[in-house]
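Novice: Sharing work_30.cif below, mmCIF, C-alpha atoms:
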```cif
data_entry
#
loop_
_atom_site.label_atom_id
_atom_site.label_comp_id
_atom_site.auth_asym_id
_atom_site.auth_seq_id
_atom_site.Cartn_x
_atom_site.Cartn_y
_atom_site.Cartn_z
CA MET K 14 -8.67 -33.16 45.47
CA MET K 15 -5.90 -33.18 42.83
CA ASN K 16 -6.40 -29.44 42.50
CA SER K 17 -5.60 -28.88 46.18
CA TYR K 18 -2.48 -31.06 45.92
CA LYS K 19 -1.47 -29.18 42.80
CA ASN K 20 -1.92 -25.87 44.64
CA ALA K 21 0.05 -27.18 47.62
CA ALA K 22 2.85 -28.36 45.29
CA LEU K 23 2.95 -25.02 43.48
CA GLY K 24 3.04 -23.15 46.78
CA SER K 25 5.86 -25.40 48.01
CA LEU K 26 7.82 -24.89 44.80
CA ARG K 27 7.42 -21.14 45.20
CA SER K 28 8.75 -21.31 48.77
CA LEU K 29 11.71 -23.43 47.70
CA TRP K 30 12.36 -21.14 44.72
CA GLN K 31 12.67 -18.24 47.15
CA ALA K 32 14.64 -20.12 49.81
CA VAL K 33 17.23 -22.01 47.73
CA PRO K 34 19.07 -19.02 46.18
CA ILE K 35 19.48 -17.48 49.64
CA MET K 36 20.73 -20.81 51.01
CA LEU K 37 23.26 -21.05 48.18
CA GLY K 38 24.39 -17.47 48.82
CA ILE K 39 24.92 -18.21 52.49
CA LEU K 40 26.86 -21.38 51.69
CA LEU K 41 29.10 -19.46 49.28
CA LEU K 42 29.75 -16.79 51.94
CA ILE K 43 30.49 -19.37 54.61
CA SER K 44 32.89 -21.12 52.20
CA ILE K 45 34.86 -17.89 51.74
CA ALA K 46 34.83 -17.29 55.51
CA HIS K 47 36.12 -20.84 56.02
CA ALA K 48 39.00 -20.29 53.57
CA LEU K 49 39.76 -16.82 54.92
CA LEU K 50 39.42 -17.25 58.66
CA GLY K 51 40.11 -20.91 59.27
CA GLN K 52 39.11 -23.02 62.23
CA ALA K 53 41.25 -21.09 64.73
CA PHE K 54 39.05 -17.99 64.38
CA TYR K 55 35.88 -19.80 65.45
CA LEU K 56 37.65 -21.49 68.36
CA LYS K 57 38.99 -18.10 69.52
CA VAL K 58 35.51 -16.54 69.45
CA PHE K 59 33.90 -19.46 71.30
CA ALA K 60 36.45 -19.92 74.05
CA TYR K 61 34.49 -19.09 77.20
CA GLY K 62 33.07 -22.34 78.48
CA ARG K 63 29.61 -23.77 77.91
CA LEU K 64 27.64 -20.89 79.47
CA GLY K 65 29.77 -18.08 78.06
CA ASN K 66 29.73 -19.61 74.60
CA SER K 67 25.95 -20.04 74.80
CA VAL K 68 25.64 -16.31 75.58
CA ILE K 69 27.75 -15.47 72.52
CA GLY K 70 25.68 -17.84 70.37
CA SER K 71 22.45 -16.29 71.63
CA VAL K 72 23.70 -12.73 71.00
CA VAL K 73 24.72 -13.52 67.43
CA GLY K 74 21.47 -15.43 66.76
CA SER K 75 19.35 -12.63 68.20
CA ILE K 76 20.65 -10.06 65.73
CA SER K 77 20.33 -12.43 62.79
CA SER K 78 17.27 -12.81 60.69
CA GLY K 79 15.89 -14.94 57.89
CA SER K 80 14.54 -18.41 57.28
CA PRO K 81 15.35 -20.90 60.07
CA VAL K 82 17.00 -23.23 57.56
CA ASN K 83 19.76 -20.62 57.12
CA SER K 84 20.50 -20.87 60.85
CA TYR K 85 20.80 -24.66 60.46
CA ILE K 86 23.30 -24.21 57.63
CA ILE K 87 25.39 -21.59 59.41
CA GLY K 88 25.19 -23.47 62.71
CA GLY K 89 26.12 -26.73 61.03
CA GLU K 90 29.15 -25.22 59.31
CA ILE K 91 30.30 -23.59 62.57
CA LEU K 92 29.93 -26.98 64.26
CA LYS K 93 32.22 -28.50 61.60
CA GLN K 94 34.88 -25.96 62.63
CA GLY K 95 35.05 -27.59 66.05
CA VAL K 96 32.76 -25.23 67.96
CA ALA K 97 30.79 -27.03 70.67
CA ILE K 98 27.12 -27.92 70.35
CA ALA K 99 26.02 -25.55 73.16
CA PRO K 100 26.71 -22.20 71.43
CA VAL K 101 25.50 -23.57 68.10
CA THR K 102 22.21 -24.59 69.73
CA ALA K 103 21.88 -21.20 71.45
CA PHE K 104 22.56 -19.53 68.11
CA ILE K 105 19.84 -21.53 66.34
CA PHE K 106 17.29 -21.05 69.13
CA ALA K 107 17.94 -17.31 69.28
CA TRP K 108 17.79 -16.96 65.49
CA VAL K 109 14.35 -18.52 65.34
CA THR K 110 12.76 -17.26 68.57
CA VAL K 111 14.19 -13.77 69.06
CA GLY K 112 12.89 -11.26 66.56
CA ALA K 113 14.89 -8.12 67.32
CA LEU K 114 14.32 -6.73 63.83
CA GLN K 115 10.62 -7.60 63.89
CA LEU K 116 10.01 -6.16 67.35
CA PRO K 117 8.41 -2.91 66.16
CA VAL K 118 5.89 -4.81 64.03
CA GLU K 119 5.18 -7.30 66.80
CA ALA K 120 4.71 -4.46 69.28
CA LYS K 121 2.29 -2.71 66.93
CA TYR K 122 -0.03 -5.71 66.74
CA LEU K 123 0.46 -7.49 70.04
CA GLY K 124 1.55 -4.71 72.40
CA LEU K 125 4.93 -3.30 73.36
CA LYS K 126 5.15 -4.95 76.78
CA PHE K 127 4.30 -8.37 75.32
CA ALA K 128 6.78 -7.98 72.44
CA VAL K 129 9.64 -6.82 74.68
CA TRP K 130 9.12 -9.49 77.33
CA ARG K 131 8.66 -12.25 74.74
CA ASN K 132 11.91 -11.36 73.00
CA VAL K 133 13.91 -10.81 76.18
CA SER K 134 12.75 -14.11 77.67
CA ALA K 135 13.43 -15.87 74.35
CA PHE K 136 17.03 -14.55 74.44
CA PHE K 137 17.67 -16.03 77.88
CA LEU K 138 15.80 -19.23 77.04
CA ALA K 139 18.12 -19.67 74.03
CA ILE K 140 21.12 -19.54 76.39
CA ALA K 141 19.43 -22.12 78.61
CA ALA K 142 18.67 -24.31 75.59
CA GLY K 143 22.32 -24.20 74.53
CA TRP K 144 23.55 -25.04 78.02
CA ILE K 145 21.04 -27.92 78.44
CA THR K 146 21.74 -29.37 74.98
CA GLY K 147 25.46 -29.20 75.73
CA LEU K 148 24.82 -31.19 78.92
CA ILE K 149 22.69 -33.85 77.19
CA LEU K 150 24.71 -34.25 74.00
CA MET P 21 28.36 -13.38 45.04
CA ALA P 22 29.44 -14.27 41.50
CA CYS P 23 31.50 -11.06 41.37
CA LEU P 24 33.10 -11.85 44.71
CA TYR P 25 34.10 -15.32 43.55
CA GLY P 26 35.28 -13.88 40.24
CA VAL P 27 37.55 -11.42 42.05
CA LEU P 28 38.79 -14.23 44.29
CA PHE P 29 39.50 -16.46 41.28
CA PHE P 30 41.82 -13.88 39.73
CA SER P 31 43.35 -12.42 42.89
CA ASN P 32 43.86 -15.53 45.00
CA PRO P 33 43.32 -18.79 43.09
CA ASP P 34 44.36 -20.90 46.06
CA MET P 35 41.72 -19.37 48.32
CA PHE P 36 39.17 -19.63 45.52
CA ALA P 37 39.91 -23.35 45.18
CA ARG P 38 39.56 -23.93 48.94
CA SER P 39 36.32 -21.95 49.09
CA TRP P 40 34.88 -23.71 46.07
CA ASP P 41 35.79 -27.17 47.40
CA PHE P 42 34.20 -26.34 50.73
CA PHE P 43 31.06 -25.04 48.98
CA LEU P 44 30.72 -28.18 46.84
CA GLY P 45 31.17 -30.40 49.88
CA SER P 46 28.42 -28.58 51.75
CA LEU P 47 26.15 -28.57 48.70
CA LYS P 48 26.46 -32.35 48.36
CA GLN P 49 25.14 -32.60 51.90
CA ILE P 50 22.10 -30.38 51.36
CA LEU P 51 20.89 -31.17 47.83
CA PRO P 52 19.72 -34.76 48.39
CA VAL P 53 17.66 -33.59 51.32
CA LEU P 54 15.72 -30.97 49.37
CA GLY P 55 13.54 -33.67 47.84
CA PHE P 56 12.30 -34.70 51.30
CA VAL P 57 11.83 -31.04 52.17
CA PHE P 58 9.59 -30.55 49.13
CA VAL P 59 7.40 -33.54 49.99
CA LEU P 60 6.99 -32.38 53.60
CA MET P 61 6.15 -28.87 52.41
CA VAL P 62 3.43 -30.20 50.07
CA VAL P 63 1.85 -32.21 52.90
CA VAL P 64 1.91 -29.27 55.32
CA ASN P 65 0.59 -26.82 52.71
CA ARG P 66 -2.16 -29.23 51.66
CA TYR P 67 -3.53 -30.01 55.11
CA VAL P 68 -2.53 -27.17 57.38
CA THR P 69 -4.25 -24.02 56.26
CA LYS P 70 -4.75 -20.82 58.23
CA GLU P 71 -8.41 -21.72 58.64
CA PHE P 72 -7.50 -25.12 60.07
CA VAL P 73 -5.15 -23.50 62.58
CA LEU P 74 -7.59 -20.76 63.58
CA LYS P 75 -10.44 -23.24 64.03
CA HIS P 76 -8.56 -25.01 66.83
CA LEU P 77 -7.02 -22.04 68.61
CA ARG P 78 -9.95 -21.30 70.85
CA GLY P 79 -11.17 -22.00 74.37
CA LYS P 80 -9.50 -23.08 77.58
CA GLY P 81 -8.16 -26.31 79.02
CA GLY P 82 -5.14 -28.52 78.50
CA LEU P 83 -6.09 -29.65 74.99
CA VAL P 84 -6.13 -26.06 73.73
CA TRP P 85 -2.49 -25.67 74.81
CA LEU P 86 -1.68 -28.71 72.66
CA TYR P 87 -3.35 -26.95 69.72
CA PHE P 88 -1.25 -23.83 70.33
CA ILE P 89 1.92 -25.93 70.37
CA VAL P 90 0.99 -27.91 67.26
CA GLY P 91 -0.43 -24.81 65.59
CA GLY P 92 2.86 -22.97 66.08
CA ILE P 93 4.84 -25.92 64.74
CA VAL P 94 2.79 -26.37 61.58
CA SER P 95 2.21 -22.69 60.81
CA THR P 96 4.21 -21.47 57.83
CA GLY P 97 5.35 -18.14 56.51
CA PRO P 98 7.18 -15.23 58.14
CA PRO P 99 6.17 -14.25 61.69
CA TYR P 100 4.90 -10.81 60.70
CA MET P 101 2.27 -12.52 58.56
CA TRP P 102 0.78 -14.04 61.70
CA TYR P 103 0.75 -10.91 63.87
CA PRO P 104 -2.51 -9.49 62.44
CA LEU P 105 -4.12 -12.89 62.89
CA LEU P 106 -2.95 -13.18 66.47
CA GLU P 107 -4.22 -9.66 67.14
CA GLN P 108 -7.63 -10.81 65.93
CA LEU P 109 -7.46 -13.94 68.07
CA LYS P 110 -6.53 -11.81 71.07
CA LYS P 111 -9.75 -9.86 70.60
CA ASN P 112 -11.56 -13.21 70.60
CA GLY P 113 -10.11 -14.26 73.94
CA VAL P 114 -6.69 -15.80 73.26
CA THR P 115 -4.35 -14.89 76.12
CA ASN P 116 -0.82 -13.49 76.06
CA PRO P 117 0.76 -16.75 77.31
CA GLN P 118 -1.05 -18.72 74.58
CA MET P 119 0.22 -16.31 71.90
CA ALA P 120 3.75 -16.56 73.28
CA CYS P 121 3.53 -20.38 73.21
CA PHE P 122 2.30 -20.31 69.59
CA LEU P 123 5.05 -17.92 68.47
CA TYR P 124 7.80 -19.88 70.22
CA ASN P 125 6.75 -23.15 68.59
CA ARG P 126 6.87 -21.50 65.17
CA ALA P 127 10.61 -22.01 65.52
CA ILE P 128 10.13 -25.71 64.74
CA LYS P 129 9.83 -26.15 60.97
CA PRO P 130 8.82 -29.72 60.11
CA ALA P 131 9.58 -29.31 56.40
CA TRP P 132 13.20 -28.31 57.07
CA LEU P 133 13.91 -30.96 59.72
CA PRO P 134 15.67 -33.24 57.17
CA VAL P 135 18.27 -30.49 56.67
CA MET P 136 18.72 -30.24 60.43
CA VAL P 137 19.09 -34.03 60.70
CA GLY P 138 21.68 -33.95 57.92
CA TYR P 139 23.82 -31.39 59.78
CA PHE P 140 23.28 -32.35 63.40
CA GLY P 141 21.92 -35.89 63.51
CA LEU P 142 18.59 -37.29 64.62
CA LYS P 143 19.43 -37.23 68.34
CA PHE P 144 20.06 -33.48 68.24
CA VAL P 145 16.80 -32.85 66.39
CA ILE P 146 14.77 -34.91 68.88
CA VAL P 147 16.42 -33.26 71.90
CA THR P 148 16.03 -29.71 70.58
CA THR P 149 12.45 -30.26 69.40
CA VAL P 150 11.36 -31.56 72.81
CA LEU P 151 13.33 -28.78 74.50
CA MET P 152 11.69 -26.17 72.30
CA ILE P 153 8.21 -27.38 73.21
CA LEU P 154 9.05 -27.39 76.93
CA LEU P 155 10.64 -23.94 76.73
CA SER P 156 7.58 -22.61 74.89
CA LEU P 157 5.50 -23.55 77.94
CA LEU P 158 8.08 -21.97 80.24
CA GLN P 159 7.96 -18.79 78.16
CA ALA P 160 4.16 -18.83 78.36
CA PHE P 161 4.51 -18.98 82.15
CA ILE P 162 7.03 -16.10 82.15
CA ILE P 163 4.70 -14.00 79.98
CA TRP P 164 1.81 -14.79 82.35
CA LEU P 165 3.94 -13.65 85.32
CA VAL P 166 4.97 -10.32 83.82
CA ASN P 167 2.15 -9.59 81.43
CA GLY P 168 -0.86 -11.40 82.79
CA ASP P 169 -3.48 -12.96 80.53
CA GLY P 170 -4.79 -10.06 78.56
CA GLU P 171 -2.88 -6.81 79.13
CA SER P 172 -0.84 -6.03 76.03
CA ALA P 173 0.77 -2.63 76.68
#
```
Write out the structure in this file as structure tokens.

Specialist:
Amino acid sequence: MMNSYKNAALGSLRSLWQAVPIMLGILLLISIAHALLGQAFYLKVFAYGRLGNSVIGSVVGSISSGSPVNSYIIGGEILKQGVAIAPVTAFIFAWVTVGALQLPVEAKYLGLKFAVWRNVSAFFLAIAAGWITGLIL
Amino acid sequence: MACLYGVLFFSNPDMFARSWDFFLGSLKQILPVLGFVFVLMVVVNRYVTKEFVLKHLRGKGGLVWLYFIVGGIVSTGPPYMWYPLLEQLKKNGVTNPQMACFLYNRAIKPAWLPVMVGYFGLKFVIVTTVLMILLSLLQAFIIWLVNGDGESA
């Protein structure tokens, strides 16, 4: 039993060892962007109302890739700049559910029609998620 | 990144200072949470193996949908690692909507939820988690409409 916990702990440490440097890199990049661009930049980009901003968030999230925790970090820092919760939510949802870069691999194993429809519907569902979350919160 | 900050330090010390302060502030928010993340990861890795997930992703009925939702939530690793497995499951009768539901719920990462709570608060995490589960079922329905149960191409 201790062996399986030890293996689980080692596996978890390996995952964290891989994830943390990337997280730190993203934080450092965001910090430069914050100093360089300032809050006004983010507010200019997300200036189209709840639905429009959710579309922008979903577009940006769809072309992004990586561990979901990175989307939380980026989304959280954008939120601190005064951007509303709707586009941030759409961004996070799209990041984790739309796999534009993985589409060829997904199509190879699960079929092209399935892969395309799953990703397209996920894109629009991310917009809906942003809009709904903006309504509730 | 070190080079970039080095260049910034010498070319624009004021911007370097602002960037560095911002970075340290954000780091202070994340670091304490990593301990919780590690504990959650150990629990998930110990109890939720691929075999455990595969064992429950079979059959029909309402309970099987619950397994697809929970299976997606607790599955770990990059999505492309799961594609070969899902292809195998498809040959064993898993439908397109069920696969879509599983893949959508992979977006919820229990081990990293403490980081999400730290940034967005518990209310946001609860709302988005419930929303994600509901939208996974909606996506399954959409996939069923356009793709049917078993046609993949």

Novice: Which neighbours of K:Lys57 fall inside 12 Å, counting all atoms listed in the file, when residues of the same chain fewer than 2 positions from it are skipped, and could you give them as an NGL selection string?

Specialist: :K and (50-55 or 59-62 or 66 or 69 or 94-96)

Novice: Would you list which chain K residues are within 6 Å of chain P using only C-alpha atoms, as a list of chain:residue names?

Specialist: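 Close to chain P, chain K has K:Ala21, K:Ala22, K:Ser25, K:Leu41, K:Ser44, K:Ile45, K:Ala48, K:Tyr85, K:Gly89, K:Val109, K:Thr110, K:Tyr122, K:Leu123, K:Gly124, K:Leu125, K:Lys126, K:Phe127.
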
Novice: Nearest to K:Leu56 among K:Leu92, K:Ala113, K:Trp30, K:Lys121, with distances taken over all atoms listed in the file: which residue is it?

Specialist: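 Closest residue, counting all atoms listed in the file: K:Leu92.
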
Novice: Would you mind listing what lies within 10 Å of K:Gly70 as a short mmCIF file (atom, residue, chain, number, x, y, z; two decimals) with C-alpha atoms, in the coordinates of the input, with only C-alpha atoms counted and same-chain residues fewer than 2 positions away left out?

Specialist:
```
data_model
loop_
_atom_site.label_atom_id
_atom_site.label_comp_id
_atom_site.auth_asym_id
_atom_site.auth_seq_id
_atom_site.Cartn_x
_atom_site.Cartn_y
_atom_site.Cartn_z
CA VAL K 58 35.51 -16.54 69.45
CA PHE K 59 33.90 -19.46 71.30
CA LEU K 64 27.64 -20.89 79.47
CA GLY K 65 29.77 -18.08 78.06
CA ASN K 66 29.73 -19.61 74.60
CA SER K 67 25.95 -20.04 74.80
CA VAL K 68 25.64 -16.31 75.58
CA VAL K 72 23.70 -12.73 71.00
CA VAL K 73 24.72 -13.52 67.43
CA GLY K 74 21.47 -15.43 66.76
CA SER K 75 19.35 -12.63 68.20
CA GLY K 88 25.19 -23.47 62.71
CA ALA K 99 26.02 -25.55 73.16
CA PRO K 100 26.71 -22.20 71.43
CA VAL K 101 25.50 -23.57 68.10
CA THR K 102 22.21 -24.59 69.73
CA ALA K 103 21.88 -21.20 71.45
CA PHE K 104 22.56 -19.53 68.11
CA ILE K 105 19.84 -21.53 66.34
CA PHE K 106 17.29 -21.05 69.13
CA ALA K 107 17.94 -17.31 69.28
CA TRP K 108 17.79 -16.96 65.49
CA ALA K 139 18.12 -19.67 74.03
CA ILE K 140 21.12 -19.54 76.39
CA GLY K 143 22.32 -24.20 74.53
#
```

Novice: Rounded to one decimal place, report the atom CA of K:Leu26-atom CA of P:Lys75 distance in Å.

Specialist: 26.6 Å
